[in-house]
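Q: Before anything else, here's the structure in question.
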Amino acid sequence: MAKIDITFPDNSVKKFEQGTTGLQIAESISSSLAREVLSVSINGELWDLNRPINTDATIKLHKWEDNEGKYAFWHSSAHLMAETLEFFYPGIKFGIGPPIEQGFYYDVELPDGKVITDADFPKIEARMKELAGQKNGYERKDVSKKEALTYFTEKGDEYKIELINELEDGSISLYHHGAFTDLCRGPHLSDTGKIKAVKILSIAGAYWRGDVKRKQLTRVYGITFPKQEMLDTYLDMLEKAKERDHRRIGKELELFTFSQKVGAGLPLWLPKGAFLREKLEGFLRKVQVKHGYEPVISPHIGQKELYITSGHWEKYGKESFRPIATPIEGEEFMLKPMNCPHHCEMYKFKPRSYKDLPVRYAEFGTVYRYEQSGELHGLTRVRGFTQDDAHIFCRPDQLKEEFIKVIDIILLIFKALDFNDYTAQISLRDPKNRDKYIGSDENWEKAEQAIIEATKEKGLKNTITAVGEAAFYGPKLDFLVKDVIGRKWQLGTIQVDYNLPERFELEYIGADNMRHRPVMIHRAPFGSMERFVAILIEQTGGKFPLWLAPDQAVIIPVSEKFNEYAEKVLNFLNNYDIRTLIDQRSEKLGKKIRDNELKKIPYLLIVGEKEMTGNTVSVRKQGEGDKGSMDMKQFAEFLKKSEEQELNHK
RNA sequence: GCCGAUGUAGCUCAGCUGGUAGAGCGCUUCCUUGGUAAGGAAGAGGUCACGGGUUCAAUUCCCGUCAUUGGCUCCA
C-alpha cells in the first residue's frame with residue numbers, strides 16, 4: 001500500500017496509508033481529539049472526516065471551537081432535521097438547508113396544505129435526537145449530473161432539480177445518512193451521534209432563491225450542540241439578550257411608546273426619551289457648528305414635482321404615503337421621504353462661487369416612508385423618523401478631505417458614546433454592471449478612490465468592502481452595528497452623490513469662470529435618531545452616560561457619615577443607571593426626605609450633567625445654600641476633606 | 001406585502017376540553033417600624049385589541065380587521 005505525506009499546521013509531516021481518512025489521522029494523535037474533531041481541511045478545502053485522502057496533503061482538523069467545525073456540525077444537523085421532516089411529512093420537498101451564524105435552517109415545501117407550527121417542535125426535536133442516537137454515518141457519493149437528476153426526478157424534488165441544472169457535471173455529490181439523501185457539497189460529520197442537543201427555534205416563510213415572485217417555502221430554523229449544557233447556556237444567553245432589548249427598556253424607562261391609534265411605526269417620544277434625544281441632537285449640533293456646518297430648516301412636505309425632479313417619486317412614489325391633495329385641482333404634495341431635494345433647492349437659491357464651497361447644510365429632518373408592515377420593528381425600523389442629515393456640496397477636489405472630516409465626526413460620536421463594536425462597510429459599484437449606475441467612470445473612480453483612501457487614512461478597523469453594494473448614484477461608507485439578537489443595522493452613513501447635482505442642475509462658477517457641477521455628500525452620523533437611540537439603549541442596557549440622563553439632576557441625601565456615602569455615591573455616579581435614578585427620585589424618597597430626614601441631613605448632593613466633561617455634582621449645605629458645582633475628582637476630594645473636618649471636630 | 005406566532009388590569013403573566021375574569025409587582029388610603037429602597041390592612045383599576053359569525057351562552061370555537069412579534073423581500 002502506498003504511503004502519503006500529511007503536513008500538519010505546525011509544518012510537521014507524517015506518513016499515512018493512502019486512503020486514510022481525517023478521522024483516522026485524528027485517532028492517530030489521540031482518542032480524545034478523534035472524539036472532538038468535527039471536520040477537516042485538506043489542502044485548504046473543507047472535507048468530511050471519513051473521506052479518504054489519496055494524495056499528499058496539508059491537513060487541519062477542526063473542532064467545535066472553529067467555525068469550520070461548527071459549520072459541518074450544523075450542516076449535518078440540517079440534514080438530520082430534513083430526515084426528520086421527511087419522516088413526519090412524507091412527500092415534503094426540499095430547497096436549501098445551510099448552516100448559519102447561529103445554527104441552521106432548511107427551506108421546505110410541505111405537502112398539500114400541511115403546516116408546521118411551534119406545537120410541532122417538540123416532536124421534531126425528539127425524533128431528531130432519536131435518529132441522532134442511531135449514529136448513522138454521513139456517506140458522500142460523487143455522482144454524474146445525469147444520476148443526480150434521475151434520483152431527484154424520481155423523488156419529485158423540483159427545487160433540487162433546479163439546483164442541479166445549474167451545477168457543472170463532475171462537481172456534484174450526494175450525501176446519504178440514515179434514510180435521507182441530499183444534494184450537497186459537504187462536508188459533514190462522521191456520524192449523527194455527535195449531535196446531542198437539539199432545539200427547533202422558529203419557522204418562517206422564505207421565498208425560493210430570495211425572489212418575491214417565486215414560491216414561498218417554509219423555513220425551519222434550528223440549532224444543535226454536542227452537549228446539552230451548551231444548549232442550556234445558549235438559551236440562557238437568548239433570555240439575557242431579551243433583557244437588553246430596546247423595546248423592553250424603552251417601555252420600562254418610559255422613553256418612548258407606540259399607539260395603535262396614532263399608527264404603526266410612528267414612535268411617540270415620552271419626556272425622558274425626548275430629553276435623551278435632545279441631548280444627543282444638541283451634542284451633534286455643537287460638533288457640527290465647529291466643523292463648519294450651517295443648520296437649515298425645511299418643511300415636512302414638498303410638491304410632487306420636487307420629488308419627480310429628484311427621482312424619489314419614481315423610487316418611493318408607489319410604495320409611500322399617498323400624495324396630499326389641496327383645494328387646487330391637480331396640486332399634490334408629498335410627505336418628504338428624504339431631505340436632500342429641499343437642501344438642493346437651498347443650494348440653488350443663489351449663484352455659487354468655487355470660493356463658497358464647500359457648503360454644508362445640516363438639519364434634523366423628519367422623513368416619512370411607508371415601510372412594509374412586516375418590516376416594522378421597535379425603534380429600529382419605523383415609518384416616521386428623524387435623520388441627523390446634512391448635505392455637503394463641494395468641488396470634486398474637495399471630496400476626499402470632506403469625506404475624512406465626516407468620518408472624524410462619526411468617530412467622535414462613537415467615541416463619546418463608547419461604541420466600539422461596529423463594522424465600516426465600503427460599498428462600491430459592481431464593475432461588471434456599469435449600466436446600473438449613473439455618472440462618468442472618471443467620477444466613480446475618483447469617488448471610490450477617495451472613500452478607500454479616506455478610510456485607510458483614518459485607520460478604521462473592522463472595515464469590509466462590499467462590491468456591488470453602492471447606491472446607484474454613488475459609492476458610500478456605512479457604519480453597521482448589531483442589536484441584541486445579532487441583527488445588523490446601519491447607523492452612520494456617508495454617501496457620495498453625482499446624481500442629484502445633475503438632476504437639480506446645481507452649479508458653481510470655477511476659477512476659470514466656467515460653470516461646474518458640485519459633488520454632493522449625504523451624511524448622517526447617527527443614521528436616524530430612532531435607530532441610534534435604539535442601539536444606544538441596547539449597547540448600554542439603559543445605563544446611559546450621565547450627560548444623557550433624562551433627568552437634569554438627582555438629589556442624594558448625605559448624612560454626617562461622609563465616608564459611608566462617599567463610596568456609594570461615587571459608585572452610583574460611575575455606574576449610572578436610570579432605573580436607580582428613578583427610584584432615587586421617586587416621590588416616596590422625596591417625601592421621606594421632606595418629612596423626617598431632611599433636617600437631619602447636613603448636605604444634599606445635586607448631581608447634574610455636563611456633556612463630554614463628565615458628571616458634575618453640586619453640594620448644598622442645609623441653611624447655607626449652594627456650595628457650587630464640582631467635577632467628580634473635586635467631589636471626591638470634597639468628601640474626603642469634609643470627613644477629615646468632621647473627625648477633627650470630634 | 002408574504003409565511004408563522006401573539007394580543008387578558010400600568011407592567012409580567014395564569015385562566016384545561018365555552019357559563020361575562022384572577023396572581024405578583026405597581027398605584028391609592030390608613031396603620032406599623034431608627035435599619036427602611038421594610039412590614040401589615042383595606043381599596044381602586046379590565047366592554048378579556050376591534051368587528052362579525054356559530055351557540056341558550058364566547059375571553060375561550062370560526063372568519064375578518066388592526067397592532068405586536070420571529071423570519072423572507074426591502075431599507076436609515
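Residue names in the C-alpha cells use chain letters A, B, ... in the order shown, residue numbers from 1 in each chain, and ligand numbers from 1 in the order shown.
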Just list the residues in range 327-430 of chain A DSSP gives strand (DSSP E) on the backbone, as JSON, numbers by chain.

A: {"A": [332, 333, 334, 335, 359, 360, 361, 362, 363, 364, 365, 366, 367, 368, 384, 385, 386, 387, 388, 389, 390, 391, 392, 393, 394, 422, 423, 424, 425, 426, 427, 428]}

Q: Can I get the residues of chain B within 9 Å of chain A, each with the closest pair of atoms and their distance in Å to one decimal, using only C-alpha atoms (C1' of nucleotides), sorted chain first then ascending number, as a Markdown table?

A:
```
| residue | atom | partner | partner_atom | distance |
| --- | --- | --- | --- | --- |
| B:G1 | C1' | A:Gln372 | CA | 6.4 |
| B:C2 | C1' | A:Gly205 | CA | 7.3 |
| B:C3 | C1' | A:Gly205 | CA | 3.6 |
| B:G4 | C1' | A:Ala204 | CA | 5.5 |
| B:A5 | C1' | A:Asp118 | CA | 8.0 |
| B:C11 | C1' | A:Glu252 | CA | 8.2 |
| B:A37 | C1' | A:Asp583 | CA | 7.4 |
| B:C66 | C1' | A:Gln260 | CA | 7.8 |
| B:A67 | C1' | A:Gln260 | CA | 6.0 |
| B:U69 | C1' | A:His377 | CA | 8.6 |
| B:G70 | C1' | A:Ser202 | CA | 6.7 |
| B:G71 | C1' | A:Ala204 | CA | 4.7 |
| B:C72 | C1' | A:Ala206 | CA | 4.2 |
| B:U73 | C1' | A:Val212 | CA | 6.0 |
| B:C74 | C1' | A:Gln372 | CA | 7.9 |
| B:C75 | C1' | A:Glu371 | CA | 8.2 |
| B:A76 | C1' | A:Gly527 | CA | 5.2 |
```

Q: Take the residues that were just selected and, keeping C-alpha atoms (C1' of nucleotides), output them as a compact mmCIF listing (two decimals), in the first residue's frame.

A:
```txt
# COMPACT_ATOMS: atom_id res chain seq x y z
C1' G B 1 -46.56 42.79 1.18
C1' C B 2 -45.69 37.28 2.18
C1' C B 3 -45.19 32.76 5.88
C1' G B 4 -45.74 31.65 11.19
C1' A B 5 -46.91 33.19 16.25
C1' C B 11 -46.04 46.05 33.97
C1' A B 37 -35.37 51.17 48.53
C1' C B 66 -55.86 46.34 13.35
C1' A B 67 -51.46 46.05 16.24
C1' U B 69 -43.67 39.79 17.02
C1' G B 70 -39.75 35.72 14.53
C1' G B 71 -38.24 35.40 9.51
C1' C B 72 -38.34 36.45 3.88
C1' U B 73 -38.29 40.61 0.47
C1' C B 74 -36.95 45.81 1.13
C1' C B 75 -34.26 49.72 3.75
C1' A B 76 -31.77 54.75 7.95
```

Q: Neighbours of Thr21 in chain A within 10 Å (only C-alpha atoms (C1' of nucleotides); same-chain residues fewer than 6 positions away dropped), as a ChimeraX atom specification?

A: /A:27,40,47-54

Q: Find the residues near Gly193 in chain A: any atom within 12 Å, counting only C-alpha atoms (C1' of nucleotides), skip ones fewer than 4 places away on the same chain, and give them as a PyMOL selection string.

A: chain A and resi 35-36+38+73+76-77+80+128-138+177-178+189+197+224-227

Q: Which residue is closest to A49 in chain B? Choose from B:U33, B:U65, B:G10, B:U20 and count only C-alpha atoms (C1' of nucleotides).

A: B:U65

Q: Need to verify the contact set: His75 in chain A, 8 Å, only C-alpha atoms (C1' of nucleotides), exclusion of same-chain residues closer than 2 positions in sequence. Can you return it as a VMD selection string?

A: chain A and resid 71 to 73 77 to 79 97 to 99 104 186 to 188

Q: Which residues are near Thr257 in chain A? Cut-off 12 Å, only C-alpha atoms (C1' of nucleotides), ignore same chain within fewer than 3 positions. Put them as a CSV table (one decimal) with all heavy atoms, in the first residue's frame.

A:
```csv
chain,number,residue,atom,x,y,z
A,246,HIS,N,-34.2,47.0,23.3
A,246,HIS,CA,-34.6,48.4,23.5
A,246,HIS,C,-36.1,48.6,23.6
A,246,HIS,O,-36.5,49.6,24.2
A,246,HIS,CB,-34.0,49.2,22.3
A,246,HIS,CG,-34.8,49.1,21.0
A,246,HIS,ND1,-34.6,48.1,20.1
A,246,HIS,CD2,-35.8,49.9,20.5
A,246,HIS,CE1,-35.5,48.3,19.1
A,246,HIS,NE2,-36.2,49.3,19.3
A,247,ARG,N,-36.9,47.7,23.1
A,247,ARG,CA,-38.3,47.8,23.2
A,247,ARG,C,-38.7,47.7,24.6
A,247,ARG,O,-39.6,48.3,25.2
A,247,ARG,CB,-39.0,46.8,22.3
A,247,ARG,CG,-38.8,47.1,20.8
A,247,ARG,CD,-39.2,45.9,20.0
A,247,ARG,NE,-38.3,44.8,20.3
A,247,ARG,CZ,-38.3,43.6,19.6
A,247,ARG,NH1,-39.2,43.5,18.6
A,247,ARG,NH2,-37.5,42.6,19.9
A,248,ARG,N,-38.1,46.7,25.3
A,248,ARG,CA,-38.4,46.4,26.7
A,248,ARG,C,-37.9,47.6,27.6
A,248,ARG,O,-38.7,48.1,28.4
A,248,ARG,CB,-37.7,45.1,27.1
A,248,ARG,CG,-37.9,44.7,28.5
A,248,ARG,CD,-36.8,43.6,28.8
A,248,ARG,NE,-36.9,43.3,30.2
A,248,ARG,CZ,-37.4,42.1,30.6
A,248,ARG,NH1,-37.9,41.3,29.8
A,248,ARG,NH2,-37.5,41.9,31.9
A,249,ILE,N,-36.7,48.0,27.4
A,249,ILE,CA,-36.1,49.0,28.2
A,249,ILE,C,-36.8,50.4,28.0
A,249,ILE,O,-37.1,51.1,28.9
A,249,ILE,CB,-34.6,49.1,28.0
A,249,ILE,CG1,-33.9,47.9,28.5
A,249,ILE,CG2,-34.0,50.4,28.7
A,249,ILE,CD1,-32.4,47.8,28.3
A,250,GLY,N,-37.1,50.6,26.7
A,250,GLY,CA,-37.8,51.8,26.3
A,250,GLY,C,-39.1,52.0,27.1
A,250,GLY,O,-39.5,53.1,27.5
A,251,LYS,N,-39.8,50.9,27.3
A,251,LYS,CA,-41.1,50.9,28.0
A,251,LYS,C,-40.8,51.1,29.5
A,251,LYS,O,-41.4,51.9,30.1
A,251,LYS,CB,-41.8,49.5,27.7
A,251,LYS,CG,-43.2,49.5,28.1
A,251,LYS,CD,-43.8,48.1,28.0
A,251,LYS,CE,-44.5,47.9,26.7
A,251,LYS,NZ,-45.1,46.5,26.5
A,252,GLU,N,-39.9,50.3,30.0
A,252,GLU,CA,-39.6,50.3,31.4
A,252,GLU,C,-39.1,51.7,31.8
A,252,GLU,O,-39.6,52.2,32.9
A,252,GLU,CB,-38.4,49.4,31.7
A,252,GLU,CG,-38.8,48.1,32.4
A,252,GLU,CD,-37.6,47.2,32.5
A,252,GLU,OE1,-36.5,47.6,32.8
A,252,GLU,OE2,-37.8,46.0,32.2
A,253,LEU,N,-38.3,52.3,31.0
A,253,LEU,CA,-37.8,53.6,31.4
A,253,LEU,C,-38.6,54.8,30.9
A,253,LEU,O,-38.3,55.9,31.1
A,253,LEU,CB,-36.3,53.8,30.9
A,253,LEU,CG,-35.3,52.7,31.3
A,253,LEU,CD1,-33.9,53.2,30.8
A,253,LEU,CD2,-35.3,52.5,32.8
A,254,GLU,N,-39.7,54.4,30.3
A,254,GLU,CA,-40.6,55.4,29.8
A,254,GLU,C,-39.9,56.4,28.8
A,254,GLU,O,-40.0,57.6,29.0
A,254,GLU,CB,-41.3,56.2,30.9
A,254,GLU,CG,-42.1,55.3,31.8
A,254,GLU,CD,-42.9,56.0,32.9
A,254,GLU,OE1,-42.8,57.3,32.9
A,254,GLU,OE2,-43.5,55.4,33.7
A,260,GLN,N,-51.6,52.4,18.8
A,260,GLN,CA,-52.3,51.8,17.7
A,260,GLN,C,-53.1,52.9,17.0
A,260,GLN,O,-53.3,52.8,15.8
A,260,GLN,CB,-53.2,50.7,18.2
A,260,GLN,CG,-53.6,49.7,17.1
A,260,GLN,CD,-54.3,48.5,17.7
A,260,GLN,OE1,-53.9,48.0,18.8
A,260,GLN,NE2,-55.2,47.9,17.0
A,261,LYS,N,-53.6,53.8,17.8
A,261,LYS,CA,-54.4,54.9,17.2
A,261,LYS,C,-53.6,55.9,16.4
A,261,LYS,O,-54.1,56.3,15.3
A,261,LYS,CB,-55.1,55.6,18.3
A,261,LYS,CG,-56.6,55.7,18.1
A,261,LYS,CD,-57.3,56.3,19.3
A,261,LYS,CE,-58.8,55.8,19.2
A,261,LYS,NZ,-59.4,55.9,20.5
A,262,VAL,N,-52.4,56.2,16.8
A,262,VAL,CA,-51.6,57.1,16.1
A,262,VAL,C,-51.2,56.5,14.8
A,262,VAL,O,-51.1,57.1,13.7
A,262,VAL,CB,-50.4,57.6,16.9
A,262,VAL,CG1,-49.4,58.4,16.0
A,262,VAL,CG2,-50.8,58.4,18.1
A,263,GLY,N,-50.8,55.2,14.9
A,263,GLY,CA,-50.4,54.5,13.7
A,263,GLY,C,-49.1,53.7,13.9
A,263,GLY,O,-48.3,54.0,14.7
A,264,ALA,N,-49.1,52.6,13.2
A,264,ALA,CA,-47.9,51.7,13.3
A,264,ALA,C,-46.6,52.4,12.8
A,264,ALA,O,-46.7,53.2,11.9
A,264,ALA,CB,-48.1,50.4,12.5
A,265,GLY,N,-45.6,52.2,13.5
A,265,GLY,CA,-44.3,52.7,13.1
A,265,GLY,C,-44.1,54.2,13.3
A,265,GLY,O,-43.2,54.8,12.7
A,266,LEU,N,-45.0,54.8,14.1
A,266,LEU,CA,-44.9,56.2,14.4
A,266,LEU,C,-44.6,56.4,15.9
A,266,LEU,O,-45.5,56.4,16.7
A,266,LEU,CB,-46.2,56.9,14.0
A,266,LEU,CG,-46.5,56.8,12.5
A,266,LEU,CD1,-47.9,57.3,12.2
A,266,LEU,CD2,-45.5,57.5,11.6
A,267,PRO,N,-43.3,56.5,16.2
A,267,PRO,CA,-42.9,56.5,17.6
A,267,PRO,C,-43.4,57.8,18.3
A,267,PRO,O,-43.4,58.8,17.7
A,267,PRO,CB,-41.4,56.4,17.6
A,267,PRO,CG,-41.0,56.8,16.2
A,267,PRO,CD,-42.1,56.5,15.3
A,268,LEU,N,-43.8,57.6,19.6
A,268,LEU,CA,-44.1,58.7,20.4
A,268,LEU,C,-43.0,58.8,21.5
A,268,LEU,O,-42.8,57.9,22.3
A,268,LEU,CB,-45.5,58.5,21.1
A,268,LEU,CG,-46.6,58.3,20.1
A,268,LEU,CD1,-47.9,57.8,20.8
A,268,LEU,CD2,-46.9,59.6,19.3
A,269,TRP,N,-42.3,59.9,21.4
A,269,TRP,CA,-41.2,60.1,22.4
A,269,TRP,C,-41.7,60.7,23.7
A,269,TRP,O,-42.2,61.8,23.7
A,269,TRP,CB,-40.1,61.0,21.8
A,269,TRP,CG,-39.4,60.4,20.6
A,269,TRP,CD1,-39.8,60.4,19.3
A,269,TRP,CD2,-38.1,59.8,20.7
A,269,TRP,NE1,-38.8,59.7,18.6
A,269,TRP,CE2,-37.8,59.4,19.4
A,269,TRP,CE3,-37.2,59.5,21.7
A,269,TRP,CZ2,-36.6,58.7,19.1
A,269,TRP,CZ3,-36.0,58.9,21.4
A,269,TRP,CH2,-35.7,58.5,20.1
A,270,LEU,N,-41.6,59.9,24.7
A,270,LEU,CA,-42.1,60.4,26.0
A,270,LEU,C,-41.0,61.4,26.6
A,270,LEU,O,-39.9,61.4,26.1
A,270,LEU,CB,-42.3,59.2,27.0
A,270,LEU,CG,-43.3,58.2,26.4
A,270,LEU,CD1,-43.3,56.9,27.2
A,270,LEU,CD2,-44.7,58.8,26.5
A,271,PRO,N,-41.4,62.1,27.7
A,271,PRO,CA,-40.4,63.1,28.2
A,271,PRO,C,-39.0,62.6,28.4
A,271,PRO,O,-38.1,63.3,28.0
A,271,PRO,CB,-41.1,63.5,29.5
A,271,PRO,CG,-42.5,63.3,29.3
A,271,PRO,CD,-42.6,62.1,28.4
A,272,LYS,N,-38.8,61.5,29.0
A,272,LYS,CA,-37.4,61.0,29.3
A,272,LYS,C,-36.7,60.7,28.0
A,272,LYS,O,-35.5,61.0,27.8
A,272,LYS,CB,-37.4,59.8,30.2
A,272,LYS,CG,-37.8,60.2,31.6
A,272,LYS,CD,-37.6,59.0,32.5
A,272,LYS,CE,-37.7,59.4,34.0
A,272,LYS,NZ,-39.1,59.5,34.4
A,273,GLY,N,-37.4,60.1,27.0
A,273,GLY,CA,-36.8,59.8,25.8
A,273,GLY,C,-36.5,61.0,25.0
A,273,GLY,O,-35.5,61.1,24.3
A,274,ALA,N,-37.5,62.0,25.0
A,274,ALA,CA,-37.2,63.2,24.3
A,274,ALA,C,-36.0,64.0,24.8
A,274,ALA,O,-35.2,64.5,24.1
A,274,ALA,CB,-38.5,64.1,24.4
A,378,GLY,N,-39.8,47.9,16.5
A,378,GLY,CA,-39.4,48.8,17.6
A,378,GLY,C,-39.0,50.2,17.0
A,378,GLY,O,-39.7,50.7,16.2
A,379,LEU,N,-37.9,50.7,17.5
A,379,LEU,CA,-37.4,52.0,17.0
A,379,LEU,C,-36.5,51.8,15.9
A,379,LEU,O,-36.0,52.8,15.3
A,379,LEU,CB,-36.7,52.7,18.2
A,379,LEU,CG,-37.5,53.6,19.1
A,379,LEU,CD1,-36.6,54.4,20.0
A,379,LEU,CD2,-38.5,54.5,18.4
A,530,GLU,N,-34.0,57.6,15.9
A,530,GLU,CA,-34.8,56.5,16.4
A,530,GLU,C,-33.9,55.3,16.5
A,530,GLU,O,-33.7,54.7,17.5
A,530,GLU,CB,-36.0,56.2,15.4
A,530,GLU,CG,-37.1,57.2,15.6
A,530,GLU,CD,-36.8,58.5,15.0
A,530,GLU,OE1,-35.8,58.7,14.3
A,530,GLU,OE2,-37.6,59.5,15.3
```

Q: Provide the C1' of G26 in chain B to CA of Phe275 in chain A distance in Å, to one decimal place.

A: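 Between these atoms lies a distance of 24.3 Å.
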
Q: If you measure from CA of Ile409 in chain A to CA of Tyr361 in chain A, what distance in Å do you get, rounded to one decimal?

A: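 Computing the Euclidean distance for CA of Ile409 in chain A and CA of Tyr361 in chain A yields 15.0 Å.
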
Q: Env of range 497-508 of chain A: 8 Å cut, atoms = only C-alpha atoms (C1' of nucleotides), seq-sep filter 6 positions within chain, self excluded. Answer as a VMD selection string.

A: chain A and resid 309 to 310 341 344 to 345 347 to 348 351 to 354 438 to 439 473 to 475 515 to 522

Q: State, in Å with one decimal place, the distance from CA of Ile200 in chain A to CA of Val481 in chain A.

A: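 That distance, rounded to one decimal, is 26.8 Å.
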
Q: Could you pull out all residues of range 388-478 of chain A with a DSSP call of alpha helix (DSSP H) and give them as an MDAnalysis selection string?

A: chainID A and resid 399:416 441:457

Q: Could you tell me which of A:Leu357, A:Ala454, A:Ile164, A:Ile407 comes closest to Gly292 in chain A if we count only C-alpha atoms?

A: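 Result for the nearest residue to Gly292 in chain A: A:Leu357.
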